[in-house]
Structure formats: C-alpha cells, structure tokens
>>> print(open('input-v8.tsv').read())   # TSV, C-alpha atoms and all ligand atoms
chain	number	residue	atom	x	y	z
A	8	MET	CA	0.00	0.00	0.00
A	9	LYS	CA	1.18	3.49	-0.86
A	10	LYS	CA	2.05	5.93	1.90
A	11	THR	CA	0.01	9.11	2.20
A	12	LEU	CA	1.01	12.70	1.54
A	13	LEU	CA	-0.83	15.90	2.31
A	14	SER	CA	0.22	19.45	1.61
A	15	GLY	CA	-1.23	22.79	0.65
A	16	VAL	CA	-0.79	26.46	-0.18
A	17	LYS	CA	-2.84	29.44	0.98
A	18	PRO	CA	-4.69	31.26	-1.81
A	19	THR	CA	-3.31	34.62	-0.73
A	20	GLY	CA	-1.56	35.84	-3.87
A	21	ARG	CA	0.39	34.45	-6.77
A	22	PRO	CA	2.65	31.53	-5.85
A	23	HIS	CA	6.32	32.43	-6.17
A	24	ILE	CA	9.43	30.44	-6.92
A	25	GLY	CA	10.00	30.00	-3.16
A	26	ASN	CA	6.67	28.14	-2.88
A	27	TYR	CA	7.53	26.14	-5.98
A	28	PHE	CA	11.06	25.01	-5.13
A	29	GLY	CA	10.45	24.85	-1.38
A	30	ALA	CA	7.34	22.66	-1.57
A	31	MET	CA	5.41	22.25	-4.82
A	32	LYS	CA	8.26	20.77	-6.83
A	33	GLN	CA	8.56	17.97	-4.26
A	34	TRP	CA	4.85	17.28	-4.77
A	35	LEU	CA	5.43	16.71	-8.45
A	36	ASP	CA	8.51	14.61	-7.96
A	37	ILE	CA	6.70	12.09	-5.75
A	38	GLN	CA	3.15	12.34	-7.03
A	39	SER	CA	3.20	8.79	-8.39
A	40	GLN	CA	4.77	7.17	-5.36
A	41	TYR	CA	2.32	8.43	-2.73
A	42	ASP	CA	-1.38	8.59	-2.19
A	43	CYS	CA	-1.49	12.38	-2.55
A	44	ASN	CA	-3.83	15.06	-1.24
A	45	PHE	CA	-3.20	18.62	-2.39
A	46	MET	CA	-5.27	21.23	-0.68
A	47	ILE	CA	-6.09	24.85	-1.32
A	48	ALA	CA	-5.91	26.20	2.23
A	49	ASP	CA	-8.69	28.76	1.84
A	50	TYR	CA	-9.78	28.81	5.49
A	51	HIS	CA	-6.20	29.54	6.47
A	52	GLY	CA	-6.19	32.23	3.77
A	53	LEU	CA	-9.29	33.83	5.31
A	54	ASN	CA	-7.03	35.23	8.03
A	55	PHE	CA	-5.46	37.39	5.31
A	56	ILE	CA	-8.07	37.84	2.55
A	57	GLN	CA	-11.37	39.16	3.79
A	58	ASN	CA	-13.04	40.10	0.53
A	59	GLY	CA	-15.42	37.60	-1.08
A	60	SER	CA	-14.74	38.25	-4.73
A	61	GLU	CA	-10.99	38.40	-4.19
A	62	MET	CA	-11.09	35.10	-2.30
A	63	LYS	CA	-13.07	33.49	-5.13
A	64	ASP	CA	-10.53	34.64	-7.72
A	65	GLN	CA	-7.56	33.55	-5.64
A	66	ILE	CA	-9.00	30.07	-5.13
A	67	LEU	CA	-9.64	29.59	-8.83
A	68	ASN	CA	-6.20	30.93	-9.70
A	69	LEU	CA	-4.47	28.60	-7.28
A	70	ALA	CA	-6.41	25.62	-8.62
A	71	ILE	CA	-5.22	26.57	-12.12
A	72	ASP	CA	-1.66	26.91	-10.79
A	73	TYR	CA	-1.82	23.43	-9.26
A	74	LEU	CA	-2.75	21.92	-12.61
A	75	ALA	CA	-0.36	24.12	-14.58
A	76	ILE	CA	2.68	22.92	-12.63
A	77	GLY	CA	1.65	19.36	-13.43
A	78	LEU	CA	-0.45	18.04	-10.56
A	79	ASP	CA	-2.62	15.31	-12.01
A	80	PRO	CA	-6.21	14.98	-10.74
A	81	GLU	CA	-6.24	11.38	-11.98
A	82	LYS	CA	-3.44	10.52	-9.57
A	83	SER	CA	-4.06	12.95	-6.72
A	84	VAL	CA	-6.93	14.42	-4.76
A	85	ILE	CA	-6.97	18.16	-5.41
A	86	PHE	CA	-9.42	19.96	-3.18
A	87	LYS	CA	-10.43	23.07	-1.34
A	88	GLN	CA	-10.20	22.99	2.45
A	89	SER	CA	-13.57	24.72	2.97
A	90	ASP	CA	-15.30	21.96	0.96
A	91	VAL	CA	-14.44	19.46	3.69
A	92	SER	CA	-16.05	20.62	6.93
A	93	ALA	CA	-14.31	17.85	8.87
A	94	HIS	CA	-11.24	20.16	8.95
A	95	THR	CA	-12.88	22.87	11.03
A	96	GLU	CA	-14.75	20.33	13.13
A	97	LEU	CA	-11.62	18.42	14.06
A	98	ALA	CA	-9.78	21.71	14.67
A	99	TRP	CA	-12.40	22.51	17.32
A	100	ILE	CA	-11.91	19.13	18.98
A	101	PHE	CA	-8.15	19.76	19.06
A	102	GLU	CA	-8.64	23.24	20.52
A	103	THR	CA	-10.37	21.72	23.53
A	104	ILE	CA	-7.27	19.67	24.39
A	105	THR	CA	-4.79	22.49	23.72
A	106	THR	CA	-3.64	25.24	26.05
A	107	MET	CA	-3.07	28.89	25.28
A	108	PRO	CA	0.55	28.95	26.53
A	109	TYR	CA	1.33	26.13	24.10
A	110	LEU	CA	-0.12	28.08	21.14
A	111	MET	CA	1.65	31.22	22.33
A	112	ARG	CA	4.94	29.54	21.48
A	113	ALA	CA	4.07	29.59	17.76
A	114	HIS	CA	6.44	31.72	15.63
A	115	ALA	CA	3.57	33.52	13.89
A	116	PHE	CA	2.05	34.46	17.23
A	117	LYS	CA	5.37	35.60	18.68
A	118	ASP	CA	6.18	37.68	15.58
A	119	ALA	CA	2.81	39.43	15.76
A	120	GLU	CA	3.25	40.00	19.47
A	121	ALA	CA	6.76	41.42	18.99
A	122	LYS	CA	5.32	43.88	16.47
A	123	ASN	CA	2.58	44.78	18.94
A	124	LYS	CA	0.02	43.66	16.39
A	125	GLU	CA	-3.42	42.66	17.54
A	126	ILE	CA	-3.67	38.98	16.68
A	127	GLY	CA	-6.87	37.41	15.34
A	128	VAL	CA	-8.26	34.27	16.97
A	129	GLY	CA	-8.03	32.53	13.58
A	130	THR	CA	-4.33	33.30	13.41
A	131	PHE	CA	-3.83	32.20	17.01
A	132	ASN	CA	-5.60	28.88	16.37
A	133	TYR	CA	-3.98	28.43	12.95
A	134	PRO	CA	-1.79	25.48	14.08
A	135	MET	CA	-4.88	23.54	15.21
A	136	LEU	CA	-6.58	23.84	11.82
A	137	MET	CA	-3.36	22.81	10.16
A	138	ALA	CA	-3.04	19.82	12.51
A	139	ALA	CA	-6.57	18.80	11.50
A	140	ASP	CA	-5.67	19.16	7.78
A	141	ILE	CA	-2.81	16.75	8.16
A	142	LEU	CA	-4.16	14.26	10.70
A	143	LEU	CA	-7.52	13.70	9.00
A	144	TYR	CA	-5.76	11.99	6.10
A	145	ASP	CA	-3.32	9.88	8.14
A	146	ALA	CA	-0.56	11.66	6.25
A	147	ASP	CA	2.86	10.02	6.53
A	148	ILE	CA	4.67	12.96	5.00
A	149	VAL	CA	4.05	16.66	4.57
A	150	PRO	CA	6.34	18.33	2.01
A	151	VAL	CA	6.84	21.98	3.00
A	152	GLY	CA	9.45	24.71	3.34
A	153	GLN	CA	11.33	25.36	6.59
A	154	ASP	CA	8.84	28.02	7.74
A	155	GLN	CA	6.17	25.32	8.21
A	156	LYS	CA	8.30	22.97	10.31
A	157	GLN	CA	6.89	24.17	13.60
A	158	HIS	CA	3.35	23.65	12.36
A	159	ILE	CA	4.09	20.02	11.65
A	160	GLU	CA	5.51	19.67	15.14
A	161	TYR	CA	2.22	21.07	16.43
A	162	ALA	CA	0.38	18.42	14.40
A	163	ARG	CA	2.57	15.67	15.84
A	164	ASP	CA	2.19	16.91	19.41
A	165	THR	CA	-1.56	17.23	19.00
A	166	ALA	CA	-1.85	13.71	17.58
A	167	GLN	CA	0.13	12.39	20.53
A	168	LYS	CA	-1.94	14.30	23.03
A	169	PHE	CA	-5.23	13.11	21.53
A	170	ASN	CA	-3.98	9.51	21.35
A	171	HIS	CA	-2.84	9.72	24.95
A	172	ILE	CA	-6.20	10.98	26.22
A	173	PHE	CA	-8.59	9.04	24.00
A	174	GLY	CA	-6.60	6.08	22.66
A	175	GLU	CA	-4.64	5.44	19.46
A	176	THR	CA	-6.35	7.36	16.63
A	177	PHE	CA	-3.96	9.59	14.68
A	178	LYS	CA	-0.77	8.81	12.82
A	179	LEU	CA	2.28	11.00	13.50
A	180	PRO	CA	3.30	12.83	10.30
A	181	GLU	CA	6.87	13.64	9.21
A	182	PRO	CA	7.81	16.88	7.48
A	183	LEU	CA	9.60	16.56	4.14
A	184	ILE	CA	11.91	19.58	3.93
A	185	MET	CA	14.62	19.62	1.27
A	186	LYS	CA	17.79	21.05	2.78
A	187	ASP	CA	18.98	23.05	-0.24
A	188	VAL	CA	15.65	24.78	-0.81
A	189	ALA	CA	14.29	24.88	2.74
A	190	THR	CA	14.34	28.68	2.62
A	191	VAL	CA	14.51	30.13	-0.87
A	192	PRO	CA	15.81	33.72	-0.72
A	193	GLY	CA	14.00	36.62	-2.36
A	194	THR	CA	15.33	39.53	-4.41
A	195	ASP	CA	16.69	41.18	-1.24
A	196	GLY	CA	18.39	38.05	0.11
A	197	GLN	CA	15.84	37.53	2.90
A	198	LYS	CA	13.37	34.62	2.78
A	199	MET	CA	11.19	34.98	-0.33
A	200	SER	CA	7.75	35.89	0.94
A	201	LYS	CA	4.59	37.52	-0.39
A	202	SER	CA	4.54	39.73	2.70
A	203	TYR	CA	8.09	41.05	2.14
A	204	GLY	CA	7.46	42.13	-1.46
A	205	ASN	CA	10.65	40.35	-2.61
A	206	THR	CA	9.16	37.60	-4.74
A	207	ILE	CA	9.57	36.32	-8.26
A	208	PRO	CA	6.09	35.04	-9.11
A	209	LEU	CA	6.15	31.54	-10.59
A	210	PHE	CA	3.96	32.45	-13.54
A	211	SER	CA	5.62	35.78	-14.28
A	212	SER	CA	5.58	37.29	-17.74
A	213	LYS	CA	9.00	37.88	-19.29
A	214	GLU	CA	8.69	41.58	-18.38
A	215	GLU	CA	7.99	40.69	-14.74
A	216	ILE	CA	10.98	38.37	-14.65
A	217	VAL	CA	13.21	41.14	-16.03
A	218	LYS	CA	11.89	43.62	-13.48
A	219	ALA	CA	12.29	41.23	-10.54
A	220	VAL	CA	15.78	40.05	-11.51
A	221	MET	CA	16.99	43.58	-12.18
A	222	SER	CA	15.79	44.51	-8.69
A	223	ILE	CA	17.92	41.80	-7.00
A	224	VAL	CA	20.06	43.57	-4.45
A	225	THR	CA	23.78	43.20	-5.23
A	226	ASP	CA	26.75	44.00	-3.09
A	227	SER	CA	29.21	45.91	-5.25
A	228	THR	CA	32.23	44.78	-3.23
A	229	SER	CA	32.07	41.11	-4.13
A	230	GLU	CA	32.91	39.45	-7.46
A	231	VAL	CA	30.01	37.04	-7.24
A	232	PRO	CA	26.63	38.65	-6.60
A	233	LYS	CA	25.42	36.30	-3.86
A	234	ASN	CA	21.73	37.09	-4.11
A	235	VAL	CA	21.75	36.49	-7.88
A	236	TYR	CA	23.70	33.26	-7.50
A	237	GLU	CA	21.43	31.86	-4.79
A	238	ILE	CA	18.39	32.23	-7.04
A	239	HIS	CA	20.28	31.05	-10.13
A	240	LYS	CA	21.16	27.82	-8.30
A	241	LEU	CA	17.50	26.82	-8.48
A	242	PHE	CA	17.59	26.75	-12.26
A	243	LYS	CA	21.09	25.52	-13.16
A	244	SER	CA	23.55	23.03	-11.72
A	245	GLU	CA	26.39	24.39	-9.61
A	246	ALA	CA	28.89	23.04	-12.19
A	247	GLU	CA	27.28	25.09	-14.98
A	248	LEU	CA	27.10	28.13	-12.75
A	249	SER	CA	30.67	27.94	-11.57
A	250	LYS	CA	31.86	28.32	-15.19
A	251	LEU	CA	29.45	31.16	-15.93
A	252	TYR	CA	30.22	33.05	-12.72
A	253	SER	CA	34.00	32.64	-12.95
A	254	GLU	CA	34.01	33.86	-16.56
A	255	ASN	CA	31.92	36.88	-15.62
A	256	LYS	CA	33.36	38.05	-12.32
A	257	GLY	CA	31.93	41.41	-11.31
A	258	LYS	CA	29.74	41.60	-14.44
A	259	TYR	CA	26.45	41.77	-12.61
A	260	LYS	CA	24.42	42.81	-15.63
A	261	VAL	CA	25.60	39.84	-17.71
A	262	LEU	CA	24.87	37.46	-14.86
A	263	LYS	CA	21.42	38.90	-14.25
A	264	GLU	CA	20.65	38.62	-17.97
A	265	ALA	CA	21.70	34.96	-17.90
A	266	LEU	CA	19.43	34.40	-14.90
A	267	ILE	CA	16.52	36.07	-16.71
A	268	GLU	CA	16.97	33.70	-19.65
A	269	ASP	CA	17.16	30.64	-17.40
A	270	ILE	CA	14.02	31.59	-15.47
A	271	GLU	CA	12.19	32.35	-18.72
A	272	THR	CA	13.15	28.97	-20.24
A	273	PHE	CA	11.89	27.22	-17.12
A	274	VAL	CA	8.68	29.19	-16.64
A	275	LYS	CA	7.53	29.52	-20.27
A	276	PRO	CA	5.99	26.04	-20.75
A	277	MET	CA	4.16	26.26	-17.40
A	278	ARG	CA	2.93	29.76	-18.23
A	279	GLU	CA	1.59	28.51	-21.56
A	280	ARG	CA	-0.12	25.58	-19.91
A	281	ARG	CA	-1.67	27.94	-17.39
A	282	HIS	CA	-2.98	30.08	-20.20
A	283	GLU	CA	-4.60	27.05	-21.85
A	284	LEU	CA	-6.19	25.92	-18.58
A	285	MET	CA	-7.68	29.36	-18.03
A	286	GLN	CA	-9.79	28.91	-21.15
A	287	ASP	CA	-11.85	26.19	-19.49
A	288	VAL	CA	-12.87	27.27	-16.00
A	289	GLY	CA	-15.64	24.64	-15.97
A	290	LYS	CA	-13.00	21.93	-16.09
A	291	ILE	CA	-11.16	23.40	-13.09
A	292	GLU	CA	-14.39	23.60	-11.11
A	293	LYS	CA	-15.05	19.97	-11.96
A	294	VAL	CA	-11.63	18.95	-10.66
A	295	LEU	CA	-12.36	20.71	-7.36
A	296	ALA	CA	-15.86	19.20	-7.11
A	297	GLU	CA	-14.52	15.69	-7.67
A	298	GLY	CA	-11.65	16.38	-5.26
A	299	ALA	CA	-14.17	17.48	-2.63
A	300	ILE	CA	-16.06	14.19	-2.90
A	301	ARG	CA	-12.90	12.12	-2.55
A	302	ALA	CA	-11.45	14.25	0.27
A	303	ASN	CA	-14.73	14.22	2.21
A	304	LYS	CA	-14.83	10.45	2.03
A	305	LYS	CA	-11.37	10.07	3.53
A	306	ALA	CA	-11.69	12.89	6.07
A	307	ASN	CA	-15.12	11.87	7.34
A	308	THR	CA	-13.98	8.32	8.00
A	309	LYS	CA	-11.28	9.67	10.30
A	310	LEU	CA	-13.52	12.28	11.87
A	311	ILE	CA	-16.11	9.61	12.76
A	312	GLU	CA	-13.37	7.58	14.40
A	313	ALA	CA	-12.31	10.63	16.46
A	314	LYS	CA	-15.92	11.47	17.37
A	315	LYS	CA	-16.47	7.94	18.61
A	316	LYS	CA	-13.31	8.18	20.70
A	317	ILE	CA	-14.39	11.43	22.38
A	318	GLY	CA	-17.82	9.95	23.07
A	319	VAL	CA	-20.12	12.13	20.98
A	320	LEU	CA	-21.01	9.30	18.60
B	401	LIG	P1	2.13	29.04	2.33
B	401	LIG	O1	0.94	29.24	1.49
B	401	LIG	O2	2.67	30.23	3.08
B	401	LIG	O3	3.33	28.47	1.50
B	401	LIG	C1	3.18	27.31	0.70
B	401	LIG	C2	4.44	26.46	0.76
B	401	LIG	O4	5.57	27.20	0.29
B	401	LIG	C3	6.63	27.10	1.23
B	401	LIG	N1	7.43	28.33	1.15
B	401	LIG	C4	8.76	28.35	0.99
B	401	LIG	N2	9.66	27.35	0.88
B	401	LIG	C5	10.96	27.71	0.73
B	401	LIG	N3	11.39	28.99	0.65
B	401	LIG	C6	10.52	30.03	0.76
B	401	LIG	N4	10.96	31.28	0.67
B	401	LIG	C7	9.14	29.72	0.94
B	401	LIG	N5	8.02	30.47	1.09
B	401	LIG	C8	6.99	29.61	1.23
B	401	LIG	C9	5.94	26.96	2.57
B	401	LIG	O5	6.80	26.41	3.54
B	401	LIG	C10	4.79	26.05	2.21
B	401	LIG	O6	5.22	24.69	2.20
B	401	LIG	N6	0.30	26.92	6.48
B	401	LIG	C11	0.66	26.65	5.10
B	401	LIG	C12	-0.47	26.10	4.26
B	401	LIG	C13	-1.08	24.88	4.85
B	401	LIG	C14	-0.51	23.57	4.85
B	401	LIG	C15	-1.45	22.75	5.51
B	401	LIG	C16	0.71	23.05	4.37
B	401	LIG	C17	-2.29	24.80	5.46
B	401	LIG	N7	-2.51	23.53	5.86
B	401	LIG	C18	-1.21	21.39	5.72
B	401	LIG	C19	0.94	21.69	4.60
B	401	LIG	C20	0.01	20.88	5.25
B	401	LIG	C21	1.12	27.96	4.48
B	401	LIG	O7	0.75	29.02	4.94
B	401	LIG	O8	1.89	27.83	3.36
>>> encode(input="input-v8.tsv", output="structure tokens")
Amino acid sequence: MKKTLLSGVKPTGRPHIGNYFGAMKQWLDIQSQYDCNFMIADYHGLNFIQNGSEMKDQILNLAIDYLAIGLDPEKSVIFKQSDVSAHTELAWIFETITTMPYLMRAHAFKDAEAKNKEIGVGTFNYPMLMAADILLYDADIVPVGQDQKQHIEYARDTAQKFNHIFGETFKLPEPLIMKDVATVPGTDGQKMSKSYGNTIPLFSSKEEIVKAVMSIVTDSTSEVPKNVYEIHKLFKSEAELSKLYSENKGKYKVLKEALIEDIETFVKPMRERRHELMQDVGKIEKVLAEGAIRANKKANTKLIEAKKKIGVL
C-alpha cells in the first residue's frame, strides 16, 4: 500500500518560486509514489483575505496553478479545504485539548506580538486547523518549506496528546523539507515571501521576470553577486554556474541577464499551460468538485473515528 502525503498552499496571492522550489516541486517529484492530497488552504487564507470576490478569484487561480505545474487529478486528490467541513470540526476538537501557553509559542504568534500587532483568533488557532488538515488523512509525509516545520511539530504533538487521552487514533506525520531549498531567498536576500514584497512570481511574464531580476540587491564589493547566485542555483547546476560566474566576475548585468533567460526557459511552458487551462474554468471547477467528494470520504472516516473516541457518537 502506498504511503500518504498531504500538503497545501494558501490562496493569498500568486505563488512564487519560493513556494515552488520549497514545496510544490517535491509534490510533483513524488506524485506517483504516494497517495497524494493537495489542498487549497482557503480557510487559512481567510485570516489574510477578507473580501469575497478576491477570495473566489484567488482560489480559482491557485487551482489553475496546481494543474499548470503538473499536478494530475487522476493521480491525486486536489481539493479546497472549505469543501471538507471535517477540517474545522476536528480543529475545534483539538482546541479543547490544547492550552493557550502552548499556542503562544508559535512563531507567527510571537512575531505578531513582537510587532505589537493585535492577533486574530483565527491566526492564534492556525496550528490547530493545520493539525486537522494533516491528521484527517493519516498523512505520513508533509512536504513543505522550513517556515512550516513548527506547524508540523504542532500536528505531531496534538496527535500524541489526543492519542494519549482518547486512545490510538492519529498517525504522527513527518515533514519533508529539502535542505537546499528549505528557505529560498527573495530579491533582497531575505526569505522569499509575499509579505516582504521580494518575490519572483512563478507564472511571471517575461517583463515581470526582467523587473524582478533587475531589482535583486547586489553588493558591489564582491565578485560574485550572492543574491543572484542563490536564485540562479535553483535553475542551473552548480557546475554550470561555476563556469558562468567565474568567466563573468563582477559583471552583474551579464549574470542577471543569464538568470533572466534561465528563469524564462523554465517558466515559459508552465505559463503557456496555465494560459490554456484558463480557457476552461468549468474543467477546473469539476476537478475541485470531484476532489471534494474524494477528500470528504477520507476525512469523514477519520472524523467519525475521532468522534467515537471522544464519546459524541
Ligand atoms: P504558504 O501558502 O505560506 O506556502 C506554501 C508552501 O511554500 C513554502 N514556502 C517556501 N519554501 C521555501 N522557501 C521560501 N521562501 C518559501 N516560502 C513559502 C511553505 O513552507 C509552504 O510549504 N500553512 C501553510 C499552508 C497549509 C498547509 C497545511 C501546508 C495549510 N494547511 C497542511 C501543509 C500541510 C502555508 O501558509 O503555506
């Protein structure tokens, strides 16, 4: 029997190459080996996007992105979190066995607190919904970037706590984090993130790629522009790059132009596929509707088991 995988992205803006190399590429690489569940984490996204028509567009766009990168609905369950109410129901059950001090250790909470930001209850409870996402499917592995590691630890701890109180029910998931791409840097050298405005969107037009690459911050004192190189490494082998970078020491413009070409070569076929998929929205909606049926079946089986354990069924 195949092992199970679950992962997801929030529909809060265009996916960038950090999302792709940090997580989504791993999904593609192992899609055939695992029983896969790829989720659009719209209820997590609701903490950030509170505008109905924008949410609708973002969900559809992310579903198109999933198919455009090569996720195959014949092989994998592709679904929207809000279509499977077991996620929010199990999150509630988990919240009743979780303490506030434990959730106050979450990075996202601590960051918001350090910035004196008022934190929403949805953001505070975020790790519980994510634990439910993962544990409902008995996921063995969860491919993500480094920034999600703590959330998977929360899922493991919560599974253990539930099992301890109510008896063996949930499987403990493992994160799958690829060392070299655990934290893909953005155009300013910090972690690439929608909220830092330092991204290269995955489905950029050529003009957007040019603009983003030209904006990569370079340090004029070094021969190799580190921030350019770190992004270039995603698209070319280090052997190929070592030749290019040693032949063009200090020539930042030449190196950035080479990076633009390499990103364009990589992105172009996916961009074209995305364009084709956009012509048939009905087909995308059908994929999500079928995904919802399959995901509900799996998730409800597990939820019923948990509800029996807690004594409400
Ligand atoms: P999200 O939408 O912020 O990001 C999606 C995935 O992209 C990874 N990622 C990165 N990896 C490497 N370098 C970067 N610069 C970079 N930026 C983002 C993230 O680690 C993530 O894997 N909470 C999740 C969504 C979620 C989820 C889940 C994931 C909800 N439920 C259950 C897995 C399993 C999130 O906000 O990801």
>>> residues_near_ligand(input="input-v8.tsv", ligand="ligand LIG 401 (chain B)", cutoff="6 Å", atoms="all atoms listed in the file", output="list of chain:residue names")
A:Leu13, A:Ser14, A:Gly15, A:Val16, A:Lys17, A:Gly25, A:Asn26, A:Gly29, A:Ala30, A:Ala48, A:Met137, A:Asp140, A:Ile141, A:Val149, A:Val151, A:Gly152, A:Gln153, A:Asp154, A:Gln155, A:Val188, A:Ala189, A:Thr190, A:Val191, A:Pro192, A:Lys198, A:Met199, A:Ser200
>>> write_last_selection(input="input-v8.tsv", atoms="C-alpha atoms", output="PDB file, in the coordinates of the input")
ATOM      1  CA  LEU A  13      -0.830  15.900   2.310  1.00  0.00           C
ATOM      2  CA  SER A  14       0.220  19.450   1.610  1.00  0.00           C
ATOM      3  CA  GLY A  15      -1.230  22.790   0.650  1.00  0.00           C
ATOM      4  CA  VAL A  16      -0.790  26.460  -0.180  1.00  0.00           C
ATOM      5  CA  LYS A  17      -2.840  29.440   0.980  1.00  0.00           C
ATOM      6  CA  GLY A  25      10.000  30.000  -3.160  1.00  0.00           C
ATOM      7  CA  ASN A  26       6.670  28.140  -2.880  1.00  0.00           C
ATOM      8  CA  GLY A  29      10.450  24.850  -1.380  1.00  0.00           C
ATOM      9  CA  ALA A  30       7.340  22.660  -1.570  1.00  0.00           C
ATOM     10  CA  ALA A  48      -5.910  26.200   2.230  1.00  0.00           C
ATOM     11  CA  MET A 137      -3.360  22.810  10.160  1.00  0.00           C
ATOM     12  CA  ASP A 140      -5.670  19.160   7.780  1.00  0.00           C
ATOM     13  CA  ILE A 141      -2.810  16.750   8.160  1.00  0.00           C
ATOM     14  CA  VAL A 149       4.050  16.660   4.570  1.00  0.00           C
ATOM     15  CA  VAL A 151       6.840  21.980   3.000  1.00  0.00           C
ATOM     16  CA  GLY A 152       9.450  24.710   3.340  1.00  0.00           C
ATOM     17  CA  GLN A 153      11.330  25.360   6.590  1.00  0.00           C
ATOM     18  CA  ASP A 154       8.840  28.020   7.740  1.00  0.00           C
ATOM     19  CA  GLN A 155       6.170  25.320   8.210  1.00  0.00           C
ATOM     20  CA  VAL A 188      15.650  24.780  -0.810  1.00  0.00           C
ATOM     21  CA  ALA A 189      14.290  24.880   2.740  1.00  0.00           C
ATOM     22  CA  THR A 190      14.340  28.680   2.620  1.00  0.00           C
ATOM     23  CA  VAL A 191      14.510  30.130  -0.870  1.00  0.00           C
ATOM     24  CA  PRO A 192      15.810  33.720  -0.720  1.00  0.00           C
ATOM     25  CA  LYS A 198      13.370  34.620   2.780  1.00  0.00           C
ATOM     26  CA  MET A 199      11.190  34.980  -0.330  1.00  0.00           C
ATOM     27  CA  SER A 200       7.750  35.890   0.940  1.00  0.00           C
TER      28      SER A 200
END
>>> residues_around(input="input-v8.tsv", residues="region 104-110 of chain A", least_positions_apart="6", cutoff="10 Å", atoms="all atoms listed in the file", output="list in words")
Phe116, Lys117, Phe131, Asn132, Tyr133, Pro134, Met135, Tyr161, Asp164, Thr165, Lys168, Phe169 and Ile172 of chain A
>>> closest_residue(input="input-v8.tsv", among="A:Val224, A:Ile56, A:Ala302, A:Met111", to="Gly196 (chain A)", atoms="all atoms listed in the file")
A:Val224
>>> closest_residue(input="input-v8.tsv", among="A:Lys82, A:Lys9, A:Lys87, A:His94", to="Asn307 (chain A)", atoms="only C-alpha atoms")
A:His94
>>> closest_residue(input="input-v8.tsv", among="A:Leu97, A:Ile148, A:Val217, A:Val128", to="Leu310 (chain A)", atoms="all atoms listed in the file")
A:Leu97
>>> closest_residue(input="input-v8.tsv", among="A:Ile126, A:Ala70, A:Ala313, A:Leu320", to="Ala139 (chain A)", atoms="all atoms listed in the file")
A:Ala313
>>> residues_around(input="input-v8.tsv", residues="region 213-216 of chain A", least_positions_apart="4", cutoff="7 Å", atoms="only C-alpha atoms", output="MDAnalysis selection string")
chainID A and resid 207 220 267 271
>>> atom_distance(input="input-v8.tsv", atom1="CA of Met46 (chain A)", atom2="CA of Pro18 (chain A)")
10.1 Å
>>> residues_around(input="input-v8.tsv", residues="Ser83 (chain A)", least_positions_apart="3", cutoff="9 Å", atoms="all atoms listed in the file", output="number ranges by chain")
A: 38-39, 41-45, 78-80, 298
>>> atom_distance(input="input-v8.tsv", atom1="CA of Lys256 (chain A)", atom2="CA of Glu230 (chain A)")
5.1 Å
>>> closest_residue(input="input-v8.tsv", among="A:Asp49, A:Asp72, A:Glu247, A:Glu120", to="Pro22 (chain A)", atoms="only C-alpha atoms")
A:Asp72
>>> residues_around(input="input-v8.tsv", residues="region 274-278 of chain A", least_positions_apart="6", cutoff="7 Å", atoms="all atoms listed in the file", output="ChimeraX atom specification")
/A:75-76,209-210
>>> write_last_selection(input="input-v8.tsv", atoms="C-alpha atoms", output="PDB file, in the coordinates of the input")
ATOM      1  CA  ALA A  75      -0.360  24.120 -14.580  1.00  0.00           C
ATOM      2  CA  ILE A  76       2.680  22.920 -12.630  1.00  0.00           C
ATOM      3  CA  LEU A 209       6.150  31.540 -10.590  1.00  0.00           C
ATOM      4  CA  PHE A 210       3.960  32.450 -13.540  1.00  0.00           C
TER       5      PHE A 210
END
>>> closest_residue(input="input-v8.tsv", among="A:Leu136, A:Asp226, A:His282, A:Asn54", to="Ile100 (chain A)", atoms="all atoms listed in the file")
A:Leu136
>>> residues_around(input="input-v8.tsv", residues="Glu181 (chain A)", least_positions_apart="5", cutoff="9 Å", atoms="all atoms listed in the file", output="PyMOL selection string")
chain A and resi 146-150+159-160+163
